[in-house]
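For reference, the structure discussed in these notes is given below.
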Amino acid sequence: MDKKNQGKQKPLTGSFRTDGQPLELGEYEKTGGYEALRNALKSMSPKDVQEEVKASNLRGRGGAGFPTGQKWSFVPAAEGPLSRYVVANADEMEPGTFKDRILMENSPHMLIEGMALAAYAVGAQQAYIFLRGEYVRSSRVIAKALAQAYEKNYLGENIFGSGFSLQMHLHLSAGRYICGEETGLLNSLEGKRAIPRVKPPYPQVSGFMGRPTVVNNVETLCNVPHIIRNGAEWFKDLSLSEGGGTKLYGVSGRVKRPGAWELPMGTTIREILEEHAGGMLEGYRLRGLLPGGASTEFLLEEHLDMPMDFDSLQEAGSRMGTGTMVIMDDRTCPVGMQLSLQTFFARESCGWCTPCREGLPWVVHMLNAIEEGQGEMEDIDLLLEQARLLAPGHTFCALAPGAAEPLGSGVKYFREDFERHISEKRCPWGQNR
Amino acid sequence: MLDERELAEMEKELAHYENKKAGCIGALKAVQKLRGWISDECLKDIAQHLGMTPDELDNVATFYSSIFRRPVGRHVIFICDSVSCYVVGYRELLRHLSYRLQIKPGQTTADGRFTLLPAACLGVCEKAPAVMIDEDVHGGLEPPEKVDEILERYK
Amino acid sequence: MVTVYIDGKSYQVDGQQNMLDACLSLGMDLPYFCWHPAMHSVGACRQCAVKQFKDENDKKGKIVMACMTPAAEGTRISIKDPEAVEFRGRVIEWLMLNHPHDCPVCDEGGECHLQDMTVMTGHVYRRTRFKKRTHKNQYLGPFVNHEMNRCIQCYRCVRFYNDYAGGRDFGVFAAHDSVYFGRHEDGVLESEFSGNLVEVCPTGVFTDRVFKKQYTRKWDLQTAPSICVHCSLGCNIIPGERYGALRRIRNRYNGEVNGYFICDRGRYGFEFVNSPMRIREPYLLSGEGTDTRKTLKEGEVLSALKAVIEGAKGIIGIGSPRASLEANYLLQKLVGPENFYSGASKTESGVVGQMLSVLSDGPVRTPSLREAANADAVFVLGEDVPNTAPMLGLALRQAVRHRPVERVTSELKIPRWNDYAIREAIQEEKGPLFIASVTGGRLDSIASGVFHAAPDDIARLGFRVAQALSPNAPVAGGHFEADALSFAERAAKALREAKRPLVVSGAGTRSSAVLQAAANIAWALWEDNRNAALSLVAPECNSLGLALIGGHDISGAVRAVEEGRADTVIILENDPFDRLDMPGAESLLRARQVIVLDYLPTHSIDRLQAAAAAGARVVLPAAPFAEGSGTLVSSEGRAQRFYKVFSGPGERSAESWRWLRDLLLELGRPGSEALFSLDEVLSAMGREFPALGGAVKAGPPSDYRIKGMKIPRQPHRYSGRTAIRAALDVHEPKPPEDADSPLSFSMEGYEGQPPAPLTARFWAPGWNSVQSVNKFQGHVGGHMKGGDSGIRLIEPAKAKETHYFTDIPGPFVPRDDEFFVVPLHHVFGSERLSAMSSGIAELMPSPYIALNDSDAELRSLTDGGEARVELGSFASFRLPIRLDAFMPRGVAGFPFGLPGLHGAVLPAWGKITAVKQT
Ligand SMILES: Cc1cc2nc3c(=O)[nH]c(=O)nc-3n(C[C@H](O)[C@H](O)[C@H](O)COP(=O)(O)O)c2cc1C
Ligand code: SF4
Ligand code: FES
């Protein structure tokens, strides 16, 4: 591919309608939809599909950035029907994140095709879309698309006469952030409390119903048809950095044009913020930002030239997460914002492991006290200590460590605000209720 | 007792799972959609239908935030209190709604029309601050008075 | 064996375990909550954090949970690492944020795992100033008290109650910091294992509600090792006494028998010991008139007894399956073998005799409970296990997991201790458990196949299974329904494919045919699998021991009296009205002289008291298990010693064997001088009955000492010893001497760990809770150091070939005018001693007669309606009808042993007719 075209190519969103309505099946087909599935079933072995995805350097868009092809390769070789599953993680509940919704509402068949390819690649005959219940519009769009796909035998028995069959179901969740954690998700899909499971064994070995299961993020899966259609090399070239492809970046907060844009992986924060989101609203200044949803570390103005990709942000001590940034402006009190963040995490803790279940509510108590003007100076160090203790490996899953990222960085970067809150016994911004 | 329509809706959900137990969340939601909430008695009926004990089903039901085990008003307003909405005016919106409806989060208006519940990020951060009333999302509620006209649509 | 490194030192461990297990088994202290040796790891509480290092060059390391870290070759961890130490302290701090700190008023105080772990981590300072979260408590029935605010969310309760014991009426509700452990609504916990919550819960959420009524701290209880008397399994228990009353029962770990758990019948069935009805003094019933009862003073008893014996024209003794070996043996010795009656009914003696011969003459071994729980295919024939032998039921619940667990441990390489991953991997999958029983039971829901039929048909089915397993087994002729045939085929296949197949049966149906069928299956399996096991549930706690002593069945005793061969009857801890029909029992009690040894009034004693007679009748206060020492033989054939916990008020009651010994001495019988101590009685018994020889070794001899010291029954913190009797007498009496055991009635003595049979309590420095049992085990969750309690007396014959039973009954034929009335057992109610406990009485069923719907319809009997049940011409009952869809046609179920239903000798043909409502 011509590198000059980089940035112009938008495989995920380029075909979207401009009126915000979902692509109908016919329209999707016109843009090359289901070609990848057809070709794969006709001329590629499941292993070929896996290899192509591996070669593309597609990394999971759910937050952790795990290489997708590699993940699929952990599924043991097929041994019979009904024995393996593909699940689309469409639980998108990470505060500040709305990218999967956009994909599902605008191009449902892209997800379906991606899942069908994933299913073919790992030998799954059953697939579930685990959708958060609040995404009512997405659920309607997907339900309709599923019906159409069945009708045209893109799903169902013996697809295109290839001998490959796939049943795809839509599951609407009943609300809990922890359902997005892939093993909590599996428990939820089994009609249980969404408590994360112990790993290993990984879901690829023992997942839904104890059977091999691949869980992938919606955006991850949406990339698959394009990779299969255009090849791994094409996909790699879309990116400005190591991980292949484009990325749906988003910005929310006091910017001129909050929204989401498909850009080459590795676009800088500054470009996203200033060019695409239009910069800060009049009268507001940037004080900090969460680069990829609520469970990533705060970044400051000095970080704006960092490329948004998995490795670069990791080096800066943060994470790209979901790639959807939340902007903290200079009129938002960092204490209140932290309280909002931690209230979310404390409330969404599943209640299984001690540090998260008990530590986060304590954090909320302290933040509340500070917010209400009843904080004590020791609370600041206690907050930092909690952030340090809620580390990966200390807890059962990544929820609490996710909460610790904005907590530790937020208190560190905006310590003065916390101190003023405490010493003045009120919000210096007059923002507390 | 569950009526025929409720049973039919439940069965539709259950068809997607390998056993009835796995479909229990869908079953609860299907019934809740018709009834508004899941009473103890209703929980027992559903449990029986699924071959579960009330305890087994309630272990699941009480875990999830959108299964209501207590009565709610005719319309449920979920107000997003997560970070993006927080940054762009959640507090003002909450203050306004509480004042307009004369209830705090978790409460139901005296006339049984609205229940106000805090909600995690509704996934419309680009249109913050936002609420979801029943199944409809309303974003961009800044200034908060914008919500007044919207409330009128829910009788 | 693999080498692991802990704080820089190398250790050899077996490699199959996790690092928490390894550390504890090495005797180290590492705090934990969610892990439990019987339920393994789930990694929830994060309390067992240690630092793990990649290799010797890794100085940084990372925090891991020891319970989730395999003890693989070369694993390197540090317990002492400052970061790990800090984190463990912080975990306690988190758990304590909302804990009420109400230790002074908490029943768990002083034996609280949370207290122990808090001290162990060194967390001492409270840094939070916020309000605690609170919960409402629930009413959970008579056994278990609920105090949710103390919860530290370790999830052990649900993991035990639901995952391990199969309960479905309990669970965890809500999420985040409001998770709640309890029931969907207030109500009695349905599981017969609910009391284990008290020991499983590491803090005071679930506490013993019966104990609460007269609460005592653990360190103020006088305890001794004991054996449960409420069924035949012989679970090991620790009864605790204070102020002359038995206060509670706790589990006593036995790696081969009950492990960490006991059932609620065993835990809560003890209240009969404290009954105000207890016979506390010897007395004489003589002459005529109403007030015939005369208390015998200290010096009068033996002479009165001697007079009875010397005036007798023929003495017979009625032994008891619920009395100790020693007592039965001495009674037999007193009256002579030809005059000794086992005290079991005719059918019961037949069945128990059958059991004994199957186990000792056949080639198949009877498994311990641990082995039963390890079976990988089970066939239950006739026995309603959860009701007759609850802990065997719990073992079978574990057994059904083996097949799937073995599959995932080998296919998916999930270590056995990774309980969470294993459960998710196996989901609802169950290994083979086939049940053929009279009616539905609590294990049916986890069975791969169930078959309900009359006892003869159950037996026939069993013979059919045996036939399918071996060409040498006899052919069960006659007609079989298709479903019976396919059941038999599936069961046979599952057993044949098993590595450790187990056949379970027992005396529950009182059918020898059923036992013979079970034996045939076991023997057929044995022909190509020497690991086959056969577990037979005996009726009572010493049924098998009594069978080893022998004796005729009780019906012979009636004849002896009726025919004038005997005019004197000695009844040992038994009630003929429970074993005979009314006329038989009446006849027996018409003997001119009667001596009764018992601790509670029986129907027979009431009769003696009511009916005037010329001859002498003496009632002697026997000591129930907690007030005496002796030996019982469980249905595994395991002889186990129970030790006196305390002397009852008045101190005039004594073990039956002691009364009998005194009488023998008084009579000056030759050789009786050598029968003084318990040890002597046991060795004499062993000489006379070689099969019982091993019983001597069920506990160390009475002169056993450690460092010259006895083992104290009272903990070293026992308080108020000098004040206990102050209200009666300011002089503290000398503690009673215990000449019969190495245990003393004091706090002085050996402080360390005695051998298992003498372990009177579990305590170790820093470990005040039941978890201290870790320190007594060779390997955590394994066997007690120096071996578990008990000596197996019955081992299979070294047979080369099997001698199959060939007497196969014909198909059961329902009768037009009669029902075949069979006993149905109830965990609460069918055992008469436990039925006297308040909580058990509350939970036992009210009397009923159970019938199949169509049988009832045919005879115009309706659910809840009243029926007259006539068994023979003497026993007649008016009972409400309970329709039971699983009852076979022509068979009726009669609740076995319920108080008030005397005189029903089952099974029997009986008439059931509707009582006309007037
Ligand atoms: C608390 C928590 C919430 C999560 N929520 C989501 C989510 O809503 N959507 C998602 O795709 N991944 C979510 N993840 C990440 C998933 O566990 C998992 O890594 C992802 O679905 C894998 O897909 P990918 O490989 O395509 O990225 C969450 C993780 C955690 C710890
Ligand atoms: S960190 Fe622990 S309590 Fe929190 S969500 Fe994960 S498993 Fe649940
Ligand atoms: S004991 Fe290891 S995490 Fe609970």
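Letters A, B, ... mark the chains of the structure tokens in the order given; residue numbers begin at 1 per chain; ligand numbers begin at 1, in order shown.
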Surroundings of ligand 2 up to 6 Å, based on only C-alpha atoms and all ligand atoms, as an MDAnalysis selection string: chainID A and resid 178 196 349:353 356:357 395:400
Output file for the residues above (N, CA, C and O atoms, as a PDB file, in the first residue's frame):
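Contents of part31.pdb, freshly written:
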ATOM      1  N   ILE A 178     -17.999  -5.375  35.768  1.00  0.00           N
ATOM      2  CA  ILE A 178     -17.129  -6.542  35.833  1.00  0.00           C
ATOM      3  C   ILE A 178     -17.493  -7.568  34.764  1.00  0.00           C
ATOM      4  O   ILE A 178     -16.692  -8.437  34.432  1.00  0.00           O
ATOM      5  N   PRO A 196     -14.998 -12.755  38.302  1.00  0.00           N
ATOM      6  CA  PRO A 196     -13.938 -13.221  37.408  1.00  0.00           C
ATOM      7  C   PRO A 196     -13.480 -14.618  37.799  1.00  0.00           C
ATOM      8  O   PRO A 196     -13.642 -15.044  38.942  1.00  0.00           O
ATOM      9  N   SER A 349     -17.147  -3.060  41.910  1.00  0.00           N
ATOM     10  CA  SER A 349     -16.370  -4.203  42.412  1.00  0.00           C
ATOM     11  C   SER A 349     -17.309  -5.397  42.547  1.00  0.00           C
ATOM     12  O   SER A 349     -18.438  -5.253  42.987  1.00  0.00           O
ATOM     13  N   CYS A 350     -16.815  -6.549  42.176  1.00  0.00           N
ATOM     14  CA  CYS A 350     -17.705  -7.713  42.227  1.00  0.00           C
ATOM     15  C   CYS A 350     -17.873  -8.227  43.647  1.00  0.00           C
ATOM     16  O   CYS A 350     -18.787  -8.979  43.927  1.00  0.00           O
ATOM     17  N   GLY A 351     -16.938  -7.843  44.532  1.00  0.00           N
ATOM     18  CA  GLY A 351     -17.068  -8.292  45.925  1.00  0.00           C
ATOM     19  C   GLY A 351     -16.350  -9.599  46.219  1.00  0.00           C
ATOM     20  O   GLY A 351     -16.537 -10.179  47.279  1.00  0.00           O
ATOM     21  N   TRP A 352     -15.536 -10.047  45.304  1.00  0.00           N
ATOM     22  CA  TRP A 352     -14.870 -11.343  45.498  1.00  0.00           C
ATOM     23  C   TRP A 352     -13.594 -11.191  46.323  1.00  0.00           C
ATOM     24  O   TRP A 352     -13.404 -11.874  47.317  1.00  0.00           O
ATOM     25  N   CYS A 353     -12.701 -10.296  45.903  1.00  0.00           N
ATOM     26  CA  CYS A 353     -11.420 -10.245  46.618  1.00  0.00           C
ATOM     27  C   CYS A 353     -11.351  -9.037  47.551  1.00  0.00           C
ATOM     28  O   CYS A 353     -11.931  -7.994  47.299  1.00  0.00           O
ATOM     29  N   CYS A 356     -10.055  -5.028  46.697  1.00  0.00           N
ATOM     30  CA  CYS A 356     -10.969  -4.255  45.874  1.00  0.00           C
ATOM     31  C   CYS A 356     -12.269  -3.983  46.619  1.00  0.00           C
ATOM     32  O   CYS A 356     -12.726  -2.850  46.710  1.00  0.00           O
ATOM     33  N   ARG A 357     -12.843  -5.048  47.173  1.00  0.00           N
ATOM     34  CA  ARG A 357     -14.137  -4.922  47.844  1.00  0.00           C
ATOM     35  C   ARG A 357     -14.068  -3.964  49.021  1.00  0.00           C
ATOM     36  O   ARG A 357     -14.994  -3.192  49.269  1.00  0.00           O
ATOM     37  N   THR A 395      -4.634  -8.177  43.561  1.00  0.00           N
ATOM     38  CA  THR A 395      -6.074  -8.408  43.527  1.00  0.00           C
ATOM     39  C   THR A 395      -6.353  -9.580  42.601  1.00  0.00           C
ATOM     40  O   THR A 395      -5.452 -10.075  41.915  1.00  0.00           O
ATOM     41  N   PHE A 396      -7.597  -9.988  42.587  1.00  0.00           N
ATOM     42  CA  PHE A 396      -7.935 -11.182  41.805  1.00  0.00           C
ATOM     43  C   PHE A 396      -8.027 -10.875  40.320  1.00  0.00           C
ATOM     44  O   PHE A 396      -7.691 -11.696  39.489  1.00  0.00           O
ATOM     45  N   CYS A 397      -8.537  -9.684  39.999  1.00  0.00           N
ATOM     46  CA  CYS A 397      -8.614  -9.337  38.581  1.00  0.00           C
ATOM     47  C   CYS A 397      -8.095  -7.926  38.408  1.00  0.00           C
ATOM     48  O   CYS A 397      -7.567  -7.316  39.327  1.00  0.00           O
ATOM     49  N   ALA A 398      -8.265  -7.381  37.207  1.00  0.00           N
ATOM     50  CA  ALA A 398      -7.643  -6.097  36.902  1.00  0.00           C
ATOM     51  C   ALA A 398      -8.526  -4.898  37.234  1.00  0.00           C
ATOM     52  O   ALA A 398      -8.160  -3.770  36.946  1.00  0.00           O
ATOM     53  N   LEU A 399      -9.698  -5.131  37.835  1.00  0.00           N
ATOM     54  CA  LEU A 399     -10.568  -3.985  38.106  1.00  0.00           C
ATOM     55  C   LEU A 399      -9.935  -3.019  39.097  1.00  0.00           C
ATOM     56  O   LEU A 399      -9.804  -1.823  38.828  1.00  0.00           O
ATOM     57  N   ALA A 400      -9.541  -3.550  40.239  1.00  0.00           N
ATOM     58  CA  ALA A 400      -8.995  -2.655  41.257  1.00  0.00           C
ATOM     59  C   ALA A 400      -7.677  -2.013  40.804  1.00  0.00           C
ATOM     60  O   ALA A 400      -7.484  -0.806  41.005  1.00  0.00           O
TER      61      ALA A 400
END
Show me, as a ChimeraX atom specification, the residues of chain A whose atoms get within 10 Å of chain C, using only C-alpha atoms for the distance check. /A:176,186-187,190,193-195,197-203,205-212,345-362,365-366,369,378-379,382,386,389-396
Throw together the list of residues within 6 Å of ligand 1, counting only C-alpha atoms and all ligand atoms, and drop it here as a PDB file with N, CA, C and O atoms, in the first residue's frame.
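In the end it all went to result_24.pdb:
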ATOM      1  N   GLY A  60      -5.502  -6.718  20.675  1.00  0.00           N
ATOM      2  CA  GLY A  60      -6.848  -6.585  21.219  1.00  0.00           C
ATOM      3  C   GLY A  60      -7.190  -5.144  21.564  1.00  0.00           C
ATOM      4  O   GLY A  60      -6.390  -4.434  22.167  1.00  0.00           O
ATOM      5  N   ARG A  61      -8.389  -4.754  21.176  1.00  0.00           N
ATOM      6  CA  ARG A  61      -8.809  -3.376  21.407  1.00  0.00           C
ATOM      7  C   ARG A  61      -9.619  -3.230  22.694  1.00  0.00           C
ATOM      8  O   ARG A  61     -10.209  -2.195  22.942  1.00  0.00           O
ATOM      9  N   GLY A  62      -9.685  -4.299  23.483  1.00  0.00           N
ATOM     10  CA  GLY A  62     -10.470  -4.253  24.714  1.00  0.00           C
ATOM     11  C   GLY A  62      -9.751  -3.557  25.855  1.00  0.00           C
ATOM     12  O   GLY A  62     -10.342  -3.274  26.894  1.00  0.00           O
ATOM     13  N   GLY A  63      -8.484  -3.279  25.662  1.00  0.00           N
ATOM     14  CA  GLY A  63      -7.768  -2.551  26.701  1.00  0.00           C
ATOM     15  C   GLY A  63      -6.389  -3.098  26.998  1.00  0.00           C
ATOM     16  O   GLY A  63      -5.472  -2.360  27.299  1.00  0.00           O
ATOM     17  N   ALA A  64      -6.258  -4.413  26.877  1.00  0.00           N
ATOM     18  CA  ALA A  64      -4.986  -5.003  27.285  1.00  0.00           C
ATOM     19  C   ALA A  64      -4.014  -5.137  26.115  1.00  0.00           C
ATOM     20  O   ALA A  64      -2.814  -5.285  26.314  1.00  0.00           O
ATOM     21  N   GLY A  65      -4.539  -5.099  24.892  1.00  0.00           N
ATOM     22  CA  GLY A  65      -3.665  -5.124  23.726  1.00  0.00           C
ATOM     23  C   GLY A  65      -2.990  -6.443  23.458  1.00  0.00           C
ATOM     24  O   GLY A  65      -1.908  -6.509  22.881  1.00  0.00           O
ATOM     25  N   PHE A  66      -3.639  -7.536  23.850  1.00  0.00           N
ATOM     26  CA  PHE A  66      -3.022  -8.839  23.611  1.00  0.00           C
ATOM     27  C   PHE A  66      -3.133  -9.199  22.134  1.00  0.00           C
ATOM     28  O   PHE A  66      -4.183  -8.997  21.520  1.00  0.00           O
ATOM     29  N   THR A  68      -4.080 -10.726  18.892  1.00  0.00           N
ATOM     30  CA  THR A  68      -5.287 -11.520  18.673  1.00  0.00           C
ATOM     31  C   THR A  68      -4.990 -12.891  18.060  1.00  0.00           C
ATOM     32  O   THR A  68      -5.532 -13.906  18.512  1.00  0.00           O
ATOM     33  N   ASN A  89     -16.995  -9.310  23.134  1.00  0.00           N
ATOM     34  CA  ASN A  89     -17.148  -8.532  24.355  1.00  0.00           C
ATOM     35  C   ASN A  89     -17.666  -7.147  23.974  1.00  0.00           C
ATOM     36  O   ASN A  89     -16.924  -6.283  23.525  1.00  0.00           O
ATOM     37  N   ALA A  90     -18.972  -6.986  24.106  1.00  0.00           N
ATOM     38  CA  ALA A  90     -19.610  -5.718  23.761  1.00  0.00           C
ATOM     39  C   ALA A  90     -20.222  -5.122  25.015  1.00  0.00           C
ATOM     40  O   ALA A  90     -21.300  -4.553  25.003  1.00  0.00           O
ATOM     41  N   ASP A  91     -19.514  -5.300  26.129  1.00  0.00           N
ATOM     42  CA  ASP A  91     -20.062  -4.831  27.397  1.00  0.00           C
ATOM     43  C   ASP A  91     -19.703  -3.376  27.667  1.00  0.00           C
ATOM     44  O   ASP A  91     -20.181  -2.796  28.640  1.00  0.00           O
ATOM     45  N   GLU A  92     -18.843  -2.840  26.868  1.00  0.00           N
ATOM     46  CA  GLU A  92     -18.393  -1.451  26.964  1.00  0.00           C
ATOM     47  C   GLU A  92     -19.002  -0.638  28.111  1.00  0.00           C
ATOM     48  O   GLU A  92     -19.976   0.076  27.943  1.00  0.00           O
ATOM     49  N   MET A  93     -18.381  -0.732  29.256  1.00  0.00           N
ATOM     50  CA  MET A  93     -18.883   0.032  30.400  1.00  0.00           C
ATOM     51  C   MET A  93     -17.789   0.874  31.027  1.00  0.00           C
ATOM     52  O   MET A  93     -18.000   1.511  32.055  1.00  0.00           O
ATOM     53  N   GLU A  94     -16.624   0.825  30.424  1.00  0.00           N
ATOM     54  CA  GLU A  94     -15.519   1.618  30.934  1.00  0.00           C
ATOM     55  C   GLU A  94     -15.887   3.096  30.803  1.00  0.00           C
ATOM     56  O   GLU A  94     -16.163   3.561  29.700  1.00  0.00           O
ATOM     57  N   TYR A 177     -20.061  -3.579  35.457  1.00  0.00           N
ATOM     58  CA  TYR A 177     -18.814  -3.336  34.742  1.00  0.00           C
ATOM     59  C   TYR A 177     -17.947  -4.594  34.692  1.00  0.00           C
ATOM     60  O   TYR A 177     -17.267  -4.871  33.703  1.00  0.00           O
ATOM     61  N   ILE A 178     -17.999  -5.375  35.768  1.00  0.00           N
ATOM     62  CA  ILE A 178     -17.129  -6.542  35.833  1.00  0.00           C
ATOM     63  C   ILE A 178     -17.493  -7.568  34.764  1.00  0.00           C
ATOM     64  O   ILE A 178     -16.692  -8.437  34.432  1.00  0.00           O
ATOM     65  N   GLY A 180     -17.480  -7.011  31.828  1.00  0.00           N
ATOM     66  CA  GLY A 180     -16.565  -6.787  30.718  1.00  0.00           C
ATOM     67  C   GLY A 180     -15.259  -7.532  30.887  1.00  0.00           C
ATOM     68  O   GLY A 180     -14.551  -7.793  29.918  1.00  0.00           O
ATOM     69  N   GLU A 181     -14.927  -7.869  32.104  1.00  0.00           N
ATOM     70  CA  GLU A 181     -13.728  -8.672  32.332  1.00  0.00           C
ATOM     71  C   GLU A 181     -14.037 -10.045  31.739  1.00  0.00           C
ATOM     72  O   GLU A 181     -15.067 -10.645  32.056  1.00  0.00           O
ATOM     73  N   GLU A 182     -13.174 -10.529  30.874  1.00  0.00           N
ATOM     74  CA  GLU A 182     -13.590 -11.637  30.016  1.00  0.00           C
ATOM     75  C   GLU A 182     -14.042 -12.904  30.762  1.00  0.00           C
ATOM     76  O   GLU A 182     -14.900 -13.618  30.265  1.00  0.00           O
ATOM     77  N   VAL A 215     -12.637 -14.830  23.643  1.00  0.00           N
ATOM     78  CA  VAL A 215     -13.365 -13.588  23.910  1.00  0.00           C
ATOM     79  C   VAL A 215     -12.574 -12.447  23.280  1.00  0.00           C
ATOM     80  O   VAL A 215     -11.390 -12.285  23.579  1.00  0.00           O
ATOM     81  N   ASN A 216     -13.223 -11.716  22.422  1.00  0.00           N
ATOM     82  CA  ASN A 216     -12.565 -10.564  21.813  1.00  0.00           C
ATOM     83  C   ASN A 216     -13.453  -9.342  21.881  1.00  0.00           C
ATOM     84  O   ASN A 216     -14.677  -9.432  21.858  1.00  0.00           O
ATOM     85  N   ASN A 217     -12.807  -8.225  21.918  1.00  0.00           N
ATOM     86  CA  ASN A 217     -13.502  -6.953  21.911  1.00  0.00           C
ATOM     87  C   ASN A 217     -14.166  -6.721  20.543  1.00  0.00           C
ATOM     88  O   ASN A 217     -13.713  -7.232  19.518  1.00  0.00           O
ATOM     89  N   THR A 220     -11.852  -5.172  17.991  1.00  0.00           N
ATOM     90  CA  THR A 220     -10.884  -6.176  17.535  1.00  0.00           C
ATOM     91  C   THR A 220     -11.503  -7.014  16.424  1.00  0.00           C
ATOM     92  O   THR A 220     -10.917  -7.200  15.355  1.00  0.00           O
ATOM     93  N   CYS A 397      -8.537  -9.684  39.999  1.00  0.00           N
ATOM     94  CA  CYS A 397      -8.614  -9.337  38.581  1.00  0.00           C
ATOM     95  C   CYS A 397      -8.095  -7.926  38.408  1.00  0.00           C
ATOM     96  O   CYS A 397      -7.567  -7.316  39.327  1.00  0.00           O
ATOM     97  N   ALA A 398      -8.265  -7.381  37.207  1.00  0.00           N
ATOM     98  CA  ALA A 398      -7.643  -6.097  36.902  1.00  0.00           C
ATOM     99  C   ALA A 398      -8.526  -4.898  37.234  1.00  0.00           C
ATOM    100  O   ALA A 398      -8.160  -3.770  36.946  1.00  0.00           O
ATOM    101  N   LEU A 399      -9.698  -5.131  37.835  1.00  0.00           N
ATOM    102  CA  LEU A 399     -10.568  -3.985  38.106  1.00  0.00           C
ATOM    103  C   LEU A 399      -9.935  -3.019  39.097  1.00  0.00           C
ATOM    104  O   LEU A 399      -9.804  -1.823  38.828  1.00  0.00           O
TER     105      LEU A 399
END
Between B:Thr62, B:Gln48, B:Ser39, B:Thr53, which has the minimum distance to chain A (counting only C-alpha atoms)?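 Nearest candidate to chain A out of B:Thr62, B:Gln48, B:Ser39, B:Thr53: B:Thr62.
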Could you tell me, as a PyMOL selection string, which residues of chain B DSSP assigns to helix (DSSP H, G or I) when given the backbone? chain B and resi 4-14+21-35+40-50+54-61+83-87+90-101+125-127+146-151
All strand (DSSP E or B) residues (DSSP, backbone) inside segment 139-169 of chain A, as a list in words: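 Selection result, strand (DSSP E or B) within segment 139-169 of chain A: Gly156, Leu166, Gln167, Met168 and His169 of chain A.
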I need the chain B residues near chain C as number ranges by chain; criterion: at most 9 Å, counting only C-alpha atoms. B: 40, 52-56, 58-64
Quote the spacing between atom CA of Arg70 of chain B and atom CA of Lys136 of chain C in Å to one decimal place.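 Rounded to one decimal, the two atoms are 16.9 Å apart.
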What does the distance from atom CA of Leu103 of chain A to atom CA of Lys144 of chain A come to in Å, to one decimal?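 For atom CA of Leu103 of chain A relative to atom CA of Lys144 of chain A, the distance reads 15.1 Å.
The space between atom CA of Thr568 of chain C and atom CA of Ser683 of chain C spans 28.5 Å.
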For chain B, list the residues within 9 Å of chain A, counting only C-alpha atoms, and write the list as a PyMOL selection string. chain B and resi 13+16-26+29+57+59-67+81-88+91+95+119-128+132+135-137
Please identify all polymer residues within 8 Å of Ala841 of chain C, counting only C-alpha atoms, omitting same-chain residues fewer than 5 positions from it, and present them as a PDB file with N, CA, C and O atoms, in the first residue's frame.
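Dumped everything to part_35.pdb:
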ATOM      1  N   PHE C 828     -33.342 -36.567  61.017  1.00  0.00           N
ATOM      2  CA  PHE C 828     -33.842 -36.026  62.270  1.00  0.00           C
ATOM      3  C   PHE C 828     -35.107 -36.786  62.647  1.00  0.00           C
ATOM      4  O   PHE C 828     -36.131 -36.613  62.019  1.00  0.00           O
ATOM      5  N   GLY C 829     -35.012 -37.619  63.638  1.00  0.00           N
ATOM      6  CA  GLY C 829     -36.198 -38.320  64.118  1.00  0.00           C
ATOM      7  C   GLY C 829     -36.039 -39.822  64.192  1.00  0.00           C
ATOM      8  O   GLY C 829     -36.578 -40.468  65.086  1.00  0.00           O
ATOM      9  N   ALA C 835     -33.208 -37.567  68.799  1.00  0.00           N
ATOM     10  CA  ALA C 835     -34.548 -37.000  68.660  1.00  0.00           C
ATOM     11  C   ALA C 835     -34.991 -36.274  69.929  1.00  0.00           C
ATOM     12  O   ALA C 835     -35.980 -35.551  69.930  1.00  0.00           O
ATOM     13  N   MET C 836     -34.240 -36.463  71.016  1.00  0.00           N
ATOM     14  CA  MET C 836     -34.598 -35.758  72.245  1.00  0.00           C
ATOM     15  C   MET C 836     -34.026 -34.348  72.298  1.00  0.00           C
ATOM     16  O   MET C 836     -34.352 -33.576  73.196  1.00  0.00           O
TER      17      MET C 836
END
